Amino acid sequence: MTRSPYILSALLQGHEDDVRSLAASTSSLPTLYSTSRDSTARTWTRHGAGGWQQGERVLKAHEGFINSVAWMPGEGADSKGFLLTGGQDTLIQVFDLDASSLDPIETLLGHAQNVCALHVSGETVVSGSWDFTARIWSTKDWSCVRVLEGHGAAVWDVLALGGLKGYEGAAVTACADGLIRLYKADSATPLLFKGHTGPVRALAKLIPDDPDCNLFASASNDGTIRIWNVAGDLLTILEGHESFIYALVSLPSAFGGGLASSGEDGIVKIWDQEEGEQEQEILVPALSVWSLATLPNGDLAIACSDNLIWVFTRDVAKKADASTTESGTKEGEIKLVEVDGVTTAYQWTAAGEWETLGEVTDGKDVAEGGGTSDGGGKTKMMYEGEEYDYVVDIDIADDKPALKLPFNVDDDLRTIAKAFVVDHKLPESYEDQIFAFIDRF
């Protein structure tokens, strides 16, 4: 099956730090919800030809980073529903989006560390935390009905199986101990899914609009995506990422279907999971793509470490232009977007528009956010008063700022990685991962 490729539709700007999580409503009016390390949750709505607009409501009910978000429908066709956010402060906050107040209507207590995952299915909410547990909550009274224990490390993602026949009330967890666990409602012992060789970071139900589909995907720091059925059988392995994979999302069947993945390499990959093949690769100018969400109209939103939300579409009528792309921060600001190997440069003008500069044909020959050219078409980057070929962010922990690592292409990268580990008093095991990351440049 030939599917139209994704193209850039909009850049949503408003957060002041990494955008960590996204959720979309199922209403006819495309609406996104985002959370960030800036301790806020924000709403974004696309108003037809008028493009995307940020909502006036900025929710602030957490101390520290907000790392997870989920949307839940309300009662009635006109209801905006509910928003759930999970934070570094161990809390899950519940907001009534129809209420005038910005305060949460409920605060769910129980987790002892960062709440990094939320998933809603029917009247059930599943949460995952660094405290080595997942919890199942009832939306009827917001009580915790079960604690899912037995994990050997942080629970990075969760998946409620909803009304799947034979698995009503079941939940799947992705753990940093490299295992996936499926907890059935009538069993105290989880089914273990073994195969990944690194922490499992993401889960996604395949063909989510088919209630009888019993397949799901998992992604790991080992750079692979694995397709399973709920009985525990491994069906397919998708390979192509060269770094940690942070997010997975299934694409709507009505708009071509497929699976999207993203991670530490700043790359979003579009997959035909049935054929086990990659269909498209999108590279954005951010170190990390933290989260993915699909909208009912088939568009794909990605949350990045550059504080932006990037929206891609398969509909050429919604292709990014001056009227649909969010504002830049200053005149002359440059954004580079690479789709299937073709990089296009956009510049923010004094007239308040994104102007297409054209395709970048000789590496990054347009400087992003400052820096100079070495005369050969490659941008130099400034760090502490000196110029380097690259200055990259190294994320050590979700609750700490990224560390800057400057280097030049002719440096001994193994020595650079080793010195970085020593200087920042990191575990020796980090050396190989850092070396593998900078060796790609």
# chains A, B, ... in the order shown; residues from 1 in each chain; ligands from 1

$ residues_around --residues "segment 284-290 of chain A" --least-positions-apart "6" --cutoff "10 Å" --atoms "only C-alpha atoms" --output "ChimeraX atom specification"
/A:18-22,67,244-248,261-268,302-310,335-339,343,368,392-395

$ write_last_selection --atoms "N, CA, C and O atoms" --output "compact mmCIF listing (two decimals), in the first residue's frame"
# COMPACT_ATOMS: atom_id res chain seq x y z
N ASP A 18 11.77 21.91 27.30
CA ASP A 18 11.43 20.71 26.54
C ASP A 18 9.94 20.38 26.64
O ASP A 18 9.37 20.39 27.74
N VAL A 19 9.33 20.05 25.51
CA VAL A 19 7.96 19.55 25.52
C VAL A 19 8.05 18.03 25.69
O VAL A 19 8.59 17.33 24.84
N ARG A 20 7.52 17.52 26.81
CA ARG A 20 7.76 16.13 27.17
C ARG A 20 6.66 15.16 26.77
O ARG A 20 6.91 13.96 26.63
N SER A 21 5.42 15.65 26.65
CA SER A 21 4.34 14.71 26.38
C SER A 21 3.21 15.40 25.63
O SER A 21 3.00 16.60 25.78
N LEU A 22 2.50 14.60 24.82
CA LEU A 22 1.39 15.10 24.02
C LEU A 22 0.20 14.16 24.13
O LEU A 22 0.36 12.95 24.31
N ASN A 67 5.71 15.37 33.03
CA ASN A 67 6.28 14.42 32.08
C ASN A 67 5.26 13.52 31.38
O ASN A 67 5.65 12.73 30.51
N PHE A 244 18.45 5.58 21.37
CA PHE A 244 17.29 5.24 22.18
C PHE A 244 15.99 5.64 21.48
O PHE A 244 15.91 6.70 20.86
N ILE A 245 14.96 4.80 21.62
CA ILE A 245 13.63 5.13 21.10
C ILE A 245 12.76 5.52 22.29
O ILE A 245 12.64 4.78 23.25
N TYR A 246 12.16 6.71 22.22
CA TYR A 246 11.40 7.24 23.33
C TYR A 246 9.88 7.11 23.16
O TYR A 246 9.15 7.11 24.15
N ALA A 247 9.40 7.08 21.91
CA ALA A 247 7.95 7.17 21.72
C ALA A 247 7.49 6.35 20.54
O ALA A 247 8.22 6.16 19.55
N LEU A 248 6.26 5.85 20.65
CA LEU A 248 5.58 5.13 19.58
C LEU A 248 4.14 5.64 19.51
O LEU A 248 3.54 5.99 20.53
N SER A 261 7.65 6.22 15.16
CA SER A 261 8.56 6.09 16.30
C SER A 261 9.50 7.28 16.32
O SER A 261 9.76 7.92 15.29
N SER A 262 10.04 7.59 17.51
CA SER A 262 10.98 8.71 17.62
C SER A 262 11.87 8.49 18.82
O SER A 262 11.58 7.67 19.68
N GLY A 263 12.98 9.28 18.86
CA GLY A 263 13.87 9.08 19.98
C GLY A 263 14.99 10.08 20.11
O GLY A 263 14.88 11.24 19.70
N GLU A 264 16.11 9.59 20.65
CA GLU A 264 17.25 10.43 21.00
C GLU A 264 17.99 10.96 19.79
O GLU A 264 18.72 11.94 19.90
N ASP A 265 17.79 10.33 18.63
CA ASP A 265 18.52 10.76 17.43
C ASP A 265 17.82 11.89 16.69
O ASP A 265 18.27 12.30 15.62
N GLY A 266 16.70 12.42 17.22
CA GLY A 266 16.00 13.51 16.56
C GLY A 266 15.27 13.08 15.30
O GLY A 266 14.88 13.93 14.49
N ILE A 267 15.07 11.79 15.14
CA ILE A 267 14.46 11.26 13.92
C ILE A 267 13.10 10.66 14.24
O ILE A 267 12.92 9.95 15.23
N VAL A 268 12.13 10.95 13.39
CA VAL A 268 10.84 10.28 13.41
C VAL A 268 10.79 9.33 12.22
O VAL A 268 11.06 9.74 11.09
N ILE A 302 4.65 16.04 17.09
CA ILE A 302 5.83 15.54 17.80
C ILE A 302 6.31 16.60 18.80
O ILE A 302 6.30 17.80 18.51
N ALA A 303 6.68 16.13 19.99
CA ALA A 303 7.14 17.01 21.07
C ALA A 303 8.65 16.91 21.17
O ALA A 303 9.20 15.81 21.26
N CYS A 304 9.33 18.05 21.20
CA CYS A 304 10.78 18.05 21.06
C CYS A 304 11.50 18.81 22.17
O CYS A 304 10.91 19.61 22.89
N SER A 305 12.80 18.56 22.24
CA SER A 305 13.65 19.22 23.22
C SER A 305 13.99 20.65 22.82
O SER A 305 14.67 21.35 23.57
N ASP A 306 13.52 21.11 21.66
CA ASP A 306 13.73 22.50 21.24
C ASP A 306 12.60 23.41 21.69
O ASP A 306 12.47 24.54 21.21
N ASN A 307 11.74 22.91 22.61
CA ASN A 307 10.61 23.64 23.18
C ASN A 307 9.43 23.75 22.23
O ASN A 307 8.44 24.42 22.56
N LEU A 308 9.50 23.13 21.08
CA LEU A 308 8.46 23.26 20.05
C LEU A 308 7.67 21.97 19.89
O LEU A 308 8.13 20.88 20.22
N ILE A 309 6.46 22.14 19.34
CA ILE A 309 5.65 21.03 18.85
C ILE A 309 5.62 21.15 17.34
O ILE A 309 5.23 22.20 16.80
N TRP A 310 6.05 20.11 16.66
CA TRP A 310 6.05 20.08 15.20
C TRP A 310 4.86 19.25 14.73
O TRP A 310 4.66 18.14 15.21
N LYS A 335 14.99 27.78 11.01
CA LYS A 335 14.59 26.43 11.35
C LYS A 335 14.85 25.54 10.13
O LYS A 335 14.54 25.91 9.00
N LEU A 336 15.46 24.39 10.40
CA LEU A 336 15.74 23.42 9.34
C LEU A 336 14.88 22.19 9.55
O LEU A 336 14.78 21.68 10.66
N VAL A 337 14.26 21.70 8.49
CA VAL A 337 13.44 20.50 8.56
C VAL A 337 13.90 19.55 7.46
O VAL A 337 14.00 19.94 6.29
N GLU A 338 14.21 18.32 7.85
CA GLU A 338 14.63 17.32 6.87
C GLU A 338 13.57 16.24 6.75
O GLU A 338 13.14 15.66 7.75
N VAL A 339 13.10 15.99 5.54
CA VAL A 339 12.14 14.94 5.25
C VAL A 339 12.69 14.10 4.10
O VAL A 339 12.95 14.62 3.01
N THR A 343 16.57 18.65 3.11
CA THR A 343 16.48 19.63 4.18
C THR A 343 16.03 20.97 3.62
O THR A 343 16.60 21.48 2.65
N GLU A 368 21.93 27.88 12.48
CA GLU A 368 20.74 27.89 13.32
C GLU A 368 21.07 28.61 14.62
O GLU A 368 21.91 28.16 15.38
N VAL A 392 26.43 19.48 21.51
CA VAL A 392 25.23 18.66 21.65
C VAL A 392 24.80 18.59 23.11
O VAL A 392 25.61 18.78 24.02
N ASP A 393 23.53 18.33 23.31
CA ASP A 393 22.97 18.13 24.64
C ASP A 393 23.02 16.65 25.00
O ASP A 393 22.63 15.80 24.19
N ILE A 394 23.47 16.34 26.19
CA ILE A 394 23.48 14.98 26.71
C ILE A 394 22.52 14.93 27.89
O ILE A 394 22.77 15.54 28.93
N ASP A 395 21.38 14.24 27.72
CA ASP A 395 20.40 14.10 28.80
C ASP A 395 20.83 12.96 29.71
O ASP A 395 20.86 11.80 29.28

$ residues_around --residues "segment 88-102 of chain A" --least-positions-apart "6" --cutoff "9 Å" --atoms "only C-alpha atoms" --output "list of chain:residue names"
A:Arg57, A:Val58, A:Leu59, A:Lys60, A:Ala61, A:His62, A:Glu63, A:Gly64, A:Phe65, A:Ile66, A:Asn67, A:Gly74, A:Ser79, A:Lys80, A:Gly81, A:Phe82, A:Leu108, A:Leu109, A:Gly110, A:His111, A:Ala112, A:Gln113, A:Asn114, A:Val115, A:Cys116, A:Ser127, A:Ser129, A:Asp398, A:Asp399

$ closest_atom_pairs --of "segment 163-219 of chain A" --to "segment 147-151 of chain A" --cutoff "12 Å" --atoms "only C-alpha atoms" --output "CSV"
residue,atom,partner,partner_atom,distance
A:Ala170,CA,A:Leu148,CA,10.7
A:Ala171,CA,A:Leu148,CA,9.0
A:Val172,CA,A:Leu148,CA,9.8
A:Thr173,CA,A:Leu148,CA,8.9
A:Ala174,CA,A:His151,CA,9.3
A:Cys175,CA,A:His151,CA,6.9
A:Ala176,CA,A:His151,CA,8.6
A:Asp177,CA,A:His151,CA,7.5
A:Gly178,CA,A:His151,CA,10.0
A:Leu179,CA,A:His151,CA,8.5
A:Ile180,CA,A:His151,CA,9.4
A:Arg181,CA,A:His151,CA,8.5
A:Leu182,CA,A:Leu148,CA,9.8
A:Tyr183,CA,A:Leu148,CA,7.5
A:Lys184,CA,A:Leu148,CA,10.3
A:Ala185,CA,A:Leu148,CA,10.6
A:Ser187,CA,A:Leu148,CA,11.0
A:Ala188,CA,A:Leu148,CA,8.8
A:Thr189,CA,A:Gly150,CA,8.8
A:Pro190,CA,A:Gly150,CA,8.6
A:Leu191,CA,A:Gly150,CA,11.4
A:Leu192,CA,A:His151,CA,10.7
A:Pro199,CA,A:His151,CA,11.9

$ select_by_dssp --residues "segment 185-265 of chain A" --states "strand (DSSP E)" --output "JSON, numbers by chain"
{"A": [191, 192, 193, 200, 201, 202, 203, 204, 205, 215, 216, 217, 218, 219, 220, 224, 225, 226, 227, 228, 229, 234, 235, 236, 237, 238, 239, 245, 246, 247, 248, 249, 250, 259, 260, 261, 262, 263]}

$ closest_residue --among "A:Leu259, A:Ile270, A:Ile136, A:Leu206" --to "Leu283 of chain A" --atoms "only C-alpha atoms"
A:Ile270

$ select_by_dssp --residues "segment 151-336 of chain A" --states "helix (DSSP H, G or I)" --output "PyMOL selection string"
chain A and resi 253-255+316-318

$ write_last_selection --atoms "N, CA, C and O atoms" --output "PDB file, in the first residue's frame"
ATOM      1  N   SER A 253      -6.062   4.442  10.774  1.00  0.00           N
ATOM      2  CA  SER A 253      -6.279   3.607   9.596  1.00  0.00           C
ATOM      3  C   SER A 253      -6.959   4.388   8.481  1.00  0.00           C
ATOM      4  O   SER A 253      -6.688   4.177   7.282  1.00  0.00           O
ATOM      5  N   ALA A 254      -7.862   5.307   8.847  1.00  0.00           N
ATOM      6  CA  ALA A 254      -8.604   6.070   7.846  1.00  0.00           C
ATOM      7  C   ALA A 254      -7.709   6.983   7.019  1.00  0.00           C
ATOM      8  O   ALA A 254      -8.111   7.449   5.948  1.00  0.00           O
ATOM      9  N   PHE A 255      -6.483   7.245   7.513  1.00  0.00           N
ATOM     10  CA  PHE A 255      -5.568   8.137   6.805  1.00  0.00           C
ATOM     11  C   PHE A 255      -4.281   7.404   6.423  1.00  0.00           C
ATOM     12  O   PHE A 255      -3.207   8.003   6.363  1.00  0.00           O
ATOM     13  N   VAL A 316      -1.609  17.809   1.472  1.00  0.00           N
ATOM     14  CA  VAL A 316      -0.813  18.913   0.900  1.00  0.00           C
ATOM     15  C   VAL A 316      -1.500  20.256   1.087  1.00  0.00           C
ATOM     16  O   VAL A 316      -0.840  21.301   1.076  1.00  0.00           O
ATOM     17  N   ALA A 317      -2.822  20.248   1.295  1.00  0.00           N
ATOM     18  CA  ALA A 317      -3.538  21.505   1.491  1.00  0.00           C
ATOM     19  C   ALA A 317      -3.164  22.155   2.816  1.00  0.00           C
ATOM     20  O   ALA A 317      -3.379  23.350   3.009  1.00  0.00           O
ATOM     21  N   LYS A 318      -2.599  21.376   3.744  1.00  0.00           N
ATOM     22  CA  LYS A 318      -2.214  21.908   5.054  1.00  0.00           C
ATOM     23  C   LYS A 318      -0.706  22.079   5.171  1.00  0.00           C
ATOM     24  O   LYS A 318      -0.184  22.201   6.286  1.00  0.00           O
TER      25      LYS A 318
END

$ residues_around --residues "Glu123 of chain A" --least-positions-apart "3" --cutoff "9 Å" --atoms "only C-alpha atoms" --output "list in words"
Val120, Trp137, Ser138, Thr139, Lys140 and Gly162 of chain A

$ write_last_selection --atoms "C-alpha atoms" --output "PDB file, in the first residue's frame"
ATOM      1  CA  VAL A 120      -6.839   6.210  29.517  1.00  0.00           C
ATOM      2  CA  TRP A 137      -7.407   4.092  38.779  1.00  0.00           C
ATOM      3  CA  SER A 138     -11.181   4.205  38.385  1.00  0.00           C
ATOM      4  CA  THR A 139     -12.565   7.370  36.799  1.00  0.00           C
ATOM      5  CA  LYS A 140     -15.867   6.836  38.646  1.00  0.00           C
ATOM      6  CA  GLY A 162      -9.603  -1.656  27.410  1.00  0.00           C
TER       7      GLY A 162
END

$ residues_around --residues "Leu32 of chain A" --least-positions-apart "5" --cutoff "12 Å" --atoms "only C-alpha atoms" --output "ChimeraX atom specification"
/A:12,21-27,41-46,52-55,69-71,80,83,292-297,299-303,309-311

$ atom_distance --atom1 "atom CA of Val230 of chain A" --atom2 "atom CA of Ser68 of chain A"
24.5 Å

$ closest_residue --among "A:Thr85, A:Gln273, A:Thr107, A:Thr224" --to "Val200 of chain A" --atoms "only C-alpha atoms"
A:Thr224

$ decode --residues "segment 83-94 of chain A" --atoms "all heavy atoms" --output "compact mmCIF listing (two decimals), in the first residue's frame"
# COMPACT_ATOMS: atom_id res chain seq x y z
N LEU A 83 -8.49 16.43 31.42
CA LEU A 83 -7.07 16.30 31.17
C LEU A 83 -6.38 15.80 32.42
O LEU A 83 -6.62 16.30 33.52
CB LEU A 83 -6.46 17.64 30.74
CG LEU A 83 -5.07 17.55 30.09
CD1 LEU A 83 -5.19 16.91 28.71
CD2 LEU A 83 -4.43 18.92 29.98
N LEU A 84 -5.53 14.79 32.25
CA LEU A 84 -4.75 14.25 33.36
C LEU A 84 -3.28 14.52 33.09
O LEU A 84 -2.79 14.29 31.98
CB LEU A 84 -4.98 12.76 33.53
CG LEU A 84 -6.37 12.30 33.99
CD1 LEU A 84 -7.30 12.15 32.80
CD2 LEU A 84 -6.28 10.99 34.74
N THR A 85 -2.57 15.00 34.10
CA THR A 85 -1.14 15.26 33.97
C THR A 85 -0.38 14.58 35.11
O THR A 85 -0.85 14.55 36.24
CB THR A 85 -0.85 16.78 33.99
OG1 THR A 85 -1.32 17.34 35.23
CG2 THR A 85 -1.53 17.48 32.83
N GLY A 86 0.79 14.04 34.77
CA GLY A 86 1.64 13.39 35.77
C GLY A 86 2.97 14.09 35.86
O GLY A 86 3.56 14.45 34.83
N GLY A 87 3.47 14.27 37.07
CA GLY A 87 4.66 15.09 37.23
C GLY A 87 5.78 14.50 38.05
O GLY A 87 5.67 13.44 38.68
N GLN A 88 6.86 15.25 38.03
CA GLN A 88 8.05 14.95 38.82
C GLN A 88 7.74 14.98 40.31
O GLN A 88 8.45 14.37 41.12
CB GLN A 88 9.12 15.98 38.46
CG GLN A 88 10.46 15.82 39.10
CD GLN A 88 11.40 16.96 38.73
OE1 GLN A 88 10.97 17.96 38.16
NE2 GLN A 88 12.67 16.82 39.05
N ASP A 89 6.66 15.68 40.68
CA ASP A 89 6.28 15.83 42.08
C ASP A 89 5.48 14.64 42.61
O ASP A 89 4.96 14.71 43.72
CB ASP A 89 5.49 17.12 42.28
CG ASP A 89 4.24 17.20 41.39
OD1 ASP A 89 3.93 16.21 40.71
OD2 ASP A 89 3.60 18.27 41.37
N THR A 90 5.38 13.56 41.83
CA THR A 90 4.70 12.29 42.18
C THR A 90 3.19 12.36 42.03
O THR A 90 2.50 11.37 42.26
CB THR A 90 5.02 11.78 43.60
OG1 THR A 90 4.26 12.51 44.58
CG2 THR A 90 6.51 11.90 43.92
N LEU A 91 2.64 13.51 41.65
CA LEU A 91 1.19 13.69 41.62
C LEU A 91 0.61 13.45 40.24
O LEU A 91 1.27 13.66 39.21
CB LEU A 91 0.83 15.11 42.06
CG LEU A 91 1.34 15.57 43.43
CD1 LEU A 91 0.92 17.00 43.68
CD2 LEU A 91 0.86 14.64 44.53
N ILE A 92 -0.65 13.04 40.21
CA ILE A 92 -1.47 13.04 39.00
C ILE A 92 -2.59 14.04 39.24
O ILE A 92 -3.36 13.91 40.20
CB ILE A 92 -2.06 11.64 38.70
CG1 ILE A 92 -0.95 10.61 38.52
CG2 ILE A 92 -2.94 11.70 37.45
CD1 ILE A 92 -1.44 9.18 38.44
N GLN A 93 -2.67 15.05 38.39
CA GLN A 93 -3.71 16.08 38.52
C GLN A 93 -4.78 15.85 37.45
O GLN A 93 -4.47 15.52 36.31
CB GLN A 93 -3.11 17.48 38.36
CG GLN A 93 -1.98 17.81 39.34
CD GLN A 93 -2.48 18.10 40.75
OE1 GLN A 93 -3.60 17.76 41.11
NE2 GLN A 93 -1.63 18.71 41.58
N VAL A 94 -6.04 16.05 37.85
CA VAL A 94 -7.16 15.87 36.94
C VAL A 94 -7.87 17.21 36.77
O VAL A 94 -8.29 17.83 37.76
CB VAL A 94 -8.16 14.83 37.48
CG1 VAL A 94 -9.29 14.61 36.47
CG2 VAL A 94 -7.46 13.51 37.79
